[in-house]
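Asks: Below you'll find target12.txt; it's compact mmCIF, C-alpha atoms.
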# COMPACT_ATOMS: atom_id res chain seq x y z
CA MET V 1 36.27 31.54 67.68
CA LYS V 2 39.01 29.40 69.24
CA ALA V 3 41.66 31.95 68.33
CA PHE V 4 40.26 34.44 70.90
CA GLN V 5 40.03 31.86 73.73
CA LYS V 6 42.51 32.45 76.67
CA THR V 7 44.79 29.55 77.57
CA PRO V 8 44.13 28.31 81.09
CA LYS V 9 46.78 29.32 83.71
CA SER V 10 47.37 25.68 84.65
CA LYS V 11 48.45 24.85 81.11
CA LEU V 12 50.91 27.79 80.85
CA LYS V 13 54.55 26.74 81.08
CA VAL V 14 56.60 29.34 82.97
CA THR V 15 60.37 29.29 82.54
CA PRO V 16 62.20 30.95 85.50
CA SER V 17 64.54 33.75 84.46
CA LYS V 18 68.18 33.54 85.44
CA THR V 19 69.86 36.59 87.01
CA VAL V 20 73.48 37.12 86.20
CA SER V 21 75.41 38.57 89.17
CA SER V 22 78.69 40.38 88.67
CA PRO V 23 81.74 38.88 90.38
CA LYS V 24 82.73 40.14 93.81
CA GLY V 25 84.94 43.22 93.79
CA ALA V 26 84.04 44.07 90.19
CA SER V 27 83.08 47.75 89.68
CA THR V 28 79.88 48.54 87.96
CA PRO V 29 80.58 50.70 84.91
CA LYS V 30 79.23 54.25 85.20
CA GLU V 31 76.68 55.37 82.78
CA ALA V 32 78.00 57.89 80.29
CA LEU V 33 76.44 61.35 80.40
CA THR V 34 74.10 62.12 77.61
CA PRO V 35 74.77 65.26 75.57
CA ASN V 36 71.82 66.97 77.24
CA GLU V 37 73.07 66.17 80.76
CA SER V 38 76.59 67.34 79.88
CA LYS V 39 75.22 70.57 78.47
CA THR V 40 73.14 71.12 81.60
CA LYS V 41 76.20 70.77 83.85
CA GLU V 42 78.18 73.18 81.71
CA GLU V 43 75.35 75.71 81.91
CA ILE V 44 75.18 75.35 85.72
CA LEU V 45 78.94 75.85 86.05
CA LYS V 46 78.84 78.85 83.73
CA SER V 47 75.96 80.38 85.67
CA PHE V 48 77.80 79.81 88.95
CA ASN V 49 80.98 81.46 87.67
CA GLN V 50 79.00 84.43 86.41
CA GLN V 51 77.32 84.85 89.80
CA ALA V 52 80.66 84.40 91.59
CA TRP V 53 82.22 87.04 89.31
CA LYS V 54 79.56 89.57 90.35
CA GLU V 55 79.91 88.80 94.05
CA TYR V 56 83.71 88.88 94.07
CA ASP V 57 83.83 92.00 91.93
CA GLN V 58 81.70 93.71 94.58
CA LEU V 59 84.02 92.45 97.35
CA TYR V 60 87.11 93.63 95.45
CA ALA V 61 85.52 97.05 94.84
CA GLU V 62 84.71 97.45 98.56
CA LEU V 63 88.23 96.42 99.57
CA GLN V 64 89.77 98.84 97.08
CA PHE V 65 87.67 101.73 98.40
CA TYR V 66 88.46 100.77 102.00
CA SER V 67 92.17 100.65 101.20
CA GLU V 68 92.14 104.06 99.52
CA ARG V 69 90.29 105.49 102.52
CA ALA V 70 92.71 103.93 105.02
CA ALA V 71 95.72 105.25 103.08
CA MET V 72 94.30 108.80 103.22
CA MET V 73 93.63 108.55 106.96
CA HIS V 74 97.19 107.38 107.62
CA GLN V 75 98.47 110.19 105.41
CA TYR V 76 96.52 112.68 107.52
CA GLU V 77 97.89 111.20 110.76
CA ALA V 78 101.47 111.13 109.44
CA SER V 79 101.26 114.79 108.44
CA ARG V 80 99.81 115.72 111.83
CA PHE V 81 102.57 113.99 113.77
CA ASP V 82 105.21 115.53 111.48
CA ARG V 83 103.82 118.98 112.25
CA LEU V 84 103.80 118.29 115.99
CA SER V 85 107.34 116.96 115.80
CA SER V 86 108.51 120.09 113.95
CA ILE V 87 106.78 122.40 116.44
CA LEU V 88 108.39 120.63 119.39
CA GLU V 89 111.77 120.70 117.70
CA ILE V 90 111.57 124.46 117.14
CA ALA V 91 110.34 125.02 120.69
CA ALA V 92 113.14 122.86 122.07
CA GLU V 93 115.75 124.84 120.13
CA ILE V 94 114.34 128.11 121.51
CA LEU V 95 114.41 126.74 125.06
CA ALA V 96 117.94 125.51 124.52
CA VAL V 97 119.03 129.06 123.62
CA VAL V 98 117.18 130.44 126.68
CA SER V 99 118.80 127.80 128.85
CA ALA V 100 122.27 128.63 127.58
CA THR V 101 121.65 132.34 128.13
CA CYS V 102 120.36 131.78 131.67
CA LEU V 103 123.33 129.62 132.57
CA SER V 104 125.74 132.22 131.16
CA VAL V 105 124.07 134.93 133.20
CA TYR V 106 124.15 132.69 136.24
CA MET V 107 127.89 132.11 135.90
CA PHE V 108 128.48 135.83 135.40
CA PHE V 109 126.47 136.89 138.48
CA LYS V 110 127.87 134.03 140.52
CA GLU V 111 131.36 135.47 140.12
CA LYS V 112 130.27 139.04 140.88
CA HIS V 113 127.68 138.27 143.60
CA PRO V 114 128.22 134.80 145.07
CA ASP V 115 125.43 135.23 147.59
CA GLY V 116 122.96 136.90 145.22
CA VAL V 117 119.42 135.55 144.92
CA LEU V 118 119.17 136.62 141.28
CA SER V 119 122.03 134.39 140.25
CA ASP V 120 120.45 131.35 141.92
CA ARG V 121 117.08 131.97 140.29
CA THR V 122 118.70 132.52 136.93
CA GLY V 123 120.66 129.31 137.27
CA LEU V 124 117.52 127.38 138.28
CA ALA V 125 115.65 128.80 135.30
CA GLY V 126 118.50 127.83 133.00
CA VAL V 127 118.58 124.25 134.30
CA SER V 128 114.78 123.95 134.08
CA ALA V 129 114.77 125.28 130.52
CA MET V 130 117.53 122.86 129.57
CA LEU V 131 115.63 119.86 130.99
CA THR V 132 112.39 120.97 129.33
CA ALA V 133 114.15 121.42 126.00
CA GLY V 134 115.65 117.96 126.28
CA GLY V 135 112.24 116.43 126.99
CA MET V 136 110.62 118.26 124.10
CA GLN V 137 113.43 117.25 121.79
CA PHE V 138 112.95 113.62 122.76
CA MET V 139 109.16 113.75 122.31
CA GLY V 140 109.57 115.32 118.91
CA GLU V 141 112.49 113.47 117.33
CA GLY V 142 113.61 111.05 120.03
CA LYS V 143 114.06 107.37 119.25
CA GLY V 144 114.64 104.35 121.38
CA LEU V 145 113.67 103.31 124.91
CA GLY V 146 110.40 101.94 123.52
CA LEU V 147 108.57 105.19 124.30
CA PRO V 148 106.08 106.49 121.71
CA THR V 149 107.19 109.78 120.21
CA PHE V 150 105.64 111.98 117.56
CA HIS V 151 108.41 111.01 115.17
CA SER V 152 107.96 107.25 115.68
CA ARG V 153 104.18 107.51 115.38
CA GLY V 154 104.49 109.49 112.17
CA GLU V 155 106.86 106.90 110.72
CA LYS V 156 104.43 104.06 111.51
CA HIS V 157 101.61 105.92 109.80
CA LYS V 158 103.80 106.43 106.74
CA ILE V 159 104.56 102.69 106.58
CA ALA V 160 100.87 101.88 106.97
CA LYS V 161 99.92 104.41 104.28
CA ALA V 162 102.32 102.82 101.79
CA GLY V 163 100.94 99.38 102.63
CA TRP V 164 97.32 100.42 102.13
CA GLN V 165 98.20 102.06 98.81
CA ARG V 166 99.86 98.84 97.71
CA LEU V 167 96.80 96.84 98.76
CA ALA V 168 94.54 99.16 96.74
CA ARG V 169 96.65 98.69 93.62
CA LEU V 170 96.80 94.91 94.07
CA THR V 171 93.03 94.78 94.42
CA GLN V 172 92.61 96.86 91.28
CA SER V 173 94.97 94.61 89.32
CA TYR V 174 93.10 91.47 90.41
CA ARG V 175 89.82 93.06 89.34
CA ILE V 176 91.33 93.47 85.88
CA LEU V 177 92.47 89.84 85.82
CA MET V 178 88.96 88.69 86.74
CA ASP V 179 87.87 89.52 83.18
CA ASP V 180 90.16 86.77 81.90
CA PRO V 181 87.78 83.95 80.82
CA ARG V 182 90.36 81.36 81.93
CA GLN V 183 89.89 82.35 85.60
CA ASP V 184 87.13 80.92 87.75
CA ALA V 185 85.59 81.29 91.19
CA ILE V 186 88.33 79.22 92.84
CA GLN V 187 90.97 81.67 91.62
CA TYR V 188 88.87 84.66 92.73
CA ALA V 189 88.70 83.15 96.22
CA ALA V 190 92.47 82.52 96.33
CA TRP V 191 93.24 86.12 95.34
CA PHE V 192 90.78 87.49 97.86
CA LYS V 193 92.27 85.41 100.68
CA GLU V 194 95.72 86.76 99.80
CA LEU V 195 94.42 90.33 99.98
CA ILE V 196 92.61 89.77 103.28
CA ASP V 197 95.74 88.25 104.87
CA TYR V 198 97.76 91.29 103.80
CA LYS V 199 95.02 93.61 105.12
CA GLU V 200 95.22 91.88 108.51
CA GLN V 201 98.96 92.59 108.69
CA LEU V 202 98.43 96.27 107.88
CA CYS V 203 95.80 96.68 110.61
CA LYS V 204 98.37 95.63 113.22
CA ILE V 205 100.91 98.37 112.38
CA VAL V 206 99.23 101.37 114.00
CA SER V 207 95.70 102.44 114.91
CA ILE V 208 93.84 105.57 113.86
CA GLN V 209 91.99 107.88 116.26
CA ASP V 210 88.19 107.76 116.19
CA SER V 211 88.01 111.47 115.45
CA VAL V 212 90.09 110.98 112.29
CA VAL V 213 87.94 108.04 111.20
CA GLU V 214 84.83 110.19 111.57
CA MET V 215 86.42 112.85 109.36
CA PHE V 216 86.55 110.34 106.49
CA ASP V 217 83.08 108.86 107.01
CA GLU V 218 81.76 110.77 103.99
CA PRO V 219 82.64 109.15 100.65
CA GLU V 220 83.26 112.60 99.17
CA GLU V 221 86.32 112.99 101.39
CA VAL V 222 87.81 109.95 99.67
CA ILE V 223 86.60 110.69 96.16
CA LYS V 224 87.90 114.29 96.07
CA PRO V 225 91.63 113.45 96.32
CA MET V 226 91.21 110.51 93.94
CA ARG V 227 89.49 112.72 91.37
CA LYS V 228 92.13 115.41 91.84
CA ASN V 229 94.94 112.92 91.26
CA LYS V 230 93.17 111.54 88.21
CA LEU V 231 92.77 115.01 86.70
CA LEU V 232 96.40 115.80 87.47
CA PHE V 233 97.50 112.60 85.74
CA GLN V 234 95.29 113.40 82.75
CA ARG V 235 96.93 116.81 82.44
CA TYR V 236 100.31 115.13 82.61
CA MET V 237 99.37 112.75 79.79
CA ASP V 238 98.05 115.64 77.70
CA LEU V 239 101.32 117.52 78.17
CA GLN V 240 103.24 114.40 77.20
CA GLN V 241 101.23 114.08 74.00
CA ASP V 242 101.69 117.77 73.19
CA SER V 243 105.44 117.56 73.73
CA GLY V 244 105.55 114.51 71.49
CA LYS V 245 103.79 116.39 68.73
CA LEU V 246 106.25 119.27 69.05
CA ASP V 247 109.19 116.88 68.77
So that I can check it, write out the structure of this file as structure tokens.

Replies:
Amino acid sequence: MKAFQKTPKSKLKVTPSKTVSSPKGASTPKEALTPNESKTKEEILKSFNQQAWKEYDQLYAELQFYSERAAMMHQYEASRFDRLSSILEIAAEILAVVSATCLSVYMFFKEKHPDGVLSDRTGLAGVSAMLTAGGMQFMGEGKGLGLPTFHSRGEKHKIAKAGWQRLARLTQSYRILMDDPRQDAIQYAAWFKELIDYKEQLCKIVSIQDSVVEMFDEPEEVIKPMRKNKLLFQRYMDLQQDSGKLD
């Protein structure tokens, strides 16, 4: 039975263990990732990129729609100012003819009746018509002096329209590139920042009236022209194919 007897603690000989400390300044080697840990990190990164793709695709889609809408509003404003400029130009030409006629009549009556009241009134009407025609001509087609005219406003809206159309196409092209598996969330963010910076520049060109903005509040007002252009392009492609078959 001696084999099962415990040795008394006083008779146990304990040898102290020595701890080996690494020299000062020496870097502790990092533990290598196990295959499971590496796989987990890859899965997390893949899941993050997939979620980022969805979020950025939504942002790009919203920006593209907003750009198409802004381009249509600027097109509407440019057309409106062009019409106003044309109306004023025609009116100014008519007043210029009236002014020339009144001044001719004034000179004629002035020679025949120097003291006549009719000649003075005719001359005053001619001068007034000439000044009014000049003012209308300036408001319609005038340039310079830093004063806003219908012509200058229309030109600004045309520049803004072209810029918004360009932004819409850039956004669409980046959405296509997002499907490239080599791209990641960092690249999506860089593209989006580029588009937002360009959008900020466009917003500073010219503003749109609230009444015009309200006209395009309904998505159908934006979708209709886009659908019409798409159908027109489809007809063009069909005609191209038919002409190719005939050749």

Asks: V:Lys161, V:Lys46, V:Lys41, V:Arg83: which is nearest Ile208 of chain V, counting only C-alpha atoms?

Replies: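 Under the stated criterion, the closest residue is V:Lys161.
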
Asks: To one decimal place, how far is atom CA of Phe192 of chain V from atom CA of Leu167 of chain V in Å?

Replies: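 These two atoms are separated by 11.2 Å.
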
Asks: Counting all atoms listed in the file, find the residues whose atoms lie at most 12 Å from (88.7, 114.6, 102.3) (file coordinates) and write them out as a PyMOL selection string.

Replies: chain V and resi 68-73+75-76+212-228

Asks: Quick one: write out the picked residues with C-alpha atoms as a PDB file, in the coordinates of the input?

Replies:
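File written: result.pdb
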ATOM      1  CA  GLU V  68      92.140 104.060  99.520  1.00  0.00           C
ATOM      2  CA  ARG V  69      90.290 105.490 102.520  1.00  0.00           C
ATOM      3  CA  ALA V  70      92.710 103.930 105.020  1.00  0.00           C
ATOM      4  CA  ALA V  71      95.720 105.250 103.080  1.00  0.00           C
ATOM      5  CA  MET V  72      94.300 108.800 103.220  1.00  0.00           C
ATOM      6  CA  MET V  73      93.630 108.550 106.960  1.00  0.00           C
ATOM      7  CA  GLN V  75      98.470 110.190 105.410  1.00  0.00           C
ATOM      8  CA  TYR V  76      96.520 112.680 107.520  1.00  0.00           C
ATOM      9  CA  VAL V 212      90.090 110.980 112.290  1.00  0.00           C
ATOM     10  CA  VAL V 213      87.940 108.040 111.200  1.00  0.00           C
ATOM     11  CA  GLU V 214      84.830 110.190 111.570  1.00  0.00           C
ATOM     12  CA  MET V 215      86.420 112.850 109.360  1.00  0.00           C
ATOM     13  CA  PHE V 216      86.550 110.340 106.490  1.00  0.00           C
ATOM     14  CA  ASP V 217      83.080 108.860 107.010  1.00  0.00           C
ATOM     15  CA  GLU V 218      81.760 110.770 103.990  1.00  0.00           C
ATOM     16  CA  PRO V 219      82.640 109.150 100.650  1.00  0.00           C
ATOM     17  CA  GLU V 220      83.260 112.600  99.170  1.00  0.00           C
ATOM     18  CA  GLU V 221      86.320 112.990 101.390  1.00  0.00           C
ATOM     19  CA  VAL V 222      87.810 109.950  99.670  1.00  0.00           C
ATOM     20  CA  ILE V 223      86.600 110.690  96.160  1.00  0.00           C
ATOM     21  CA  LYS V 224      87.900 114.290  96.070  1.00  0.00           C
ATOM     22  CA  PRO V 225      91.630 113.450  96.320  1.00  0.00           C
ATOM     23  CA  MET V 226      91.210 110.510  93.940  1.00  0.00           C
ATOM     24  CA  ARG V 227      89.490 112.720  91.370  1.00  0.00           C
ATOM     25  CA  LYS V 228      92.130 115.410  91.840  1.00  0.00           C
TER      26      LYS V 228
END

Asks: For atom CA of Lys158 of chain V and atom CA of Ser79 of chain V, quote the distance in Å rounded to one decimal.

Replies: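 Those two atoms sit 8.9 Å apart.
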
Asks: Using all atoms listed in the file, which of V:Arg175, V:Arg80, V:Arg235, V:Arg166 sits nearest Gln187 of chain V?

Replies: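 Closest residue, counting all atoms listed in the file: V:Arg175.
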
Asks: In Å to one decimal, how far is atom CA of Thr171 of chain V from atom CA of Trp191 of chain V?

Replies: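 Distance reported for this atom pair: 8.7 Å.
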
Asks: Of the candidates V:Ile196, V:Ala185, V:Ala160, V:Ile205, which shows the shortest atom-to-atom distance to Tyr56 of chain V, using all atoms listed in the file?

Replies: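 Checking each of V:Ile196, V:Ala185, V:Ala160, V:Ile205 against Tyr56 of chain V, counting all atoms listed in the file, the winner is V:Ala185.
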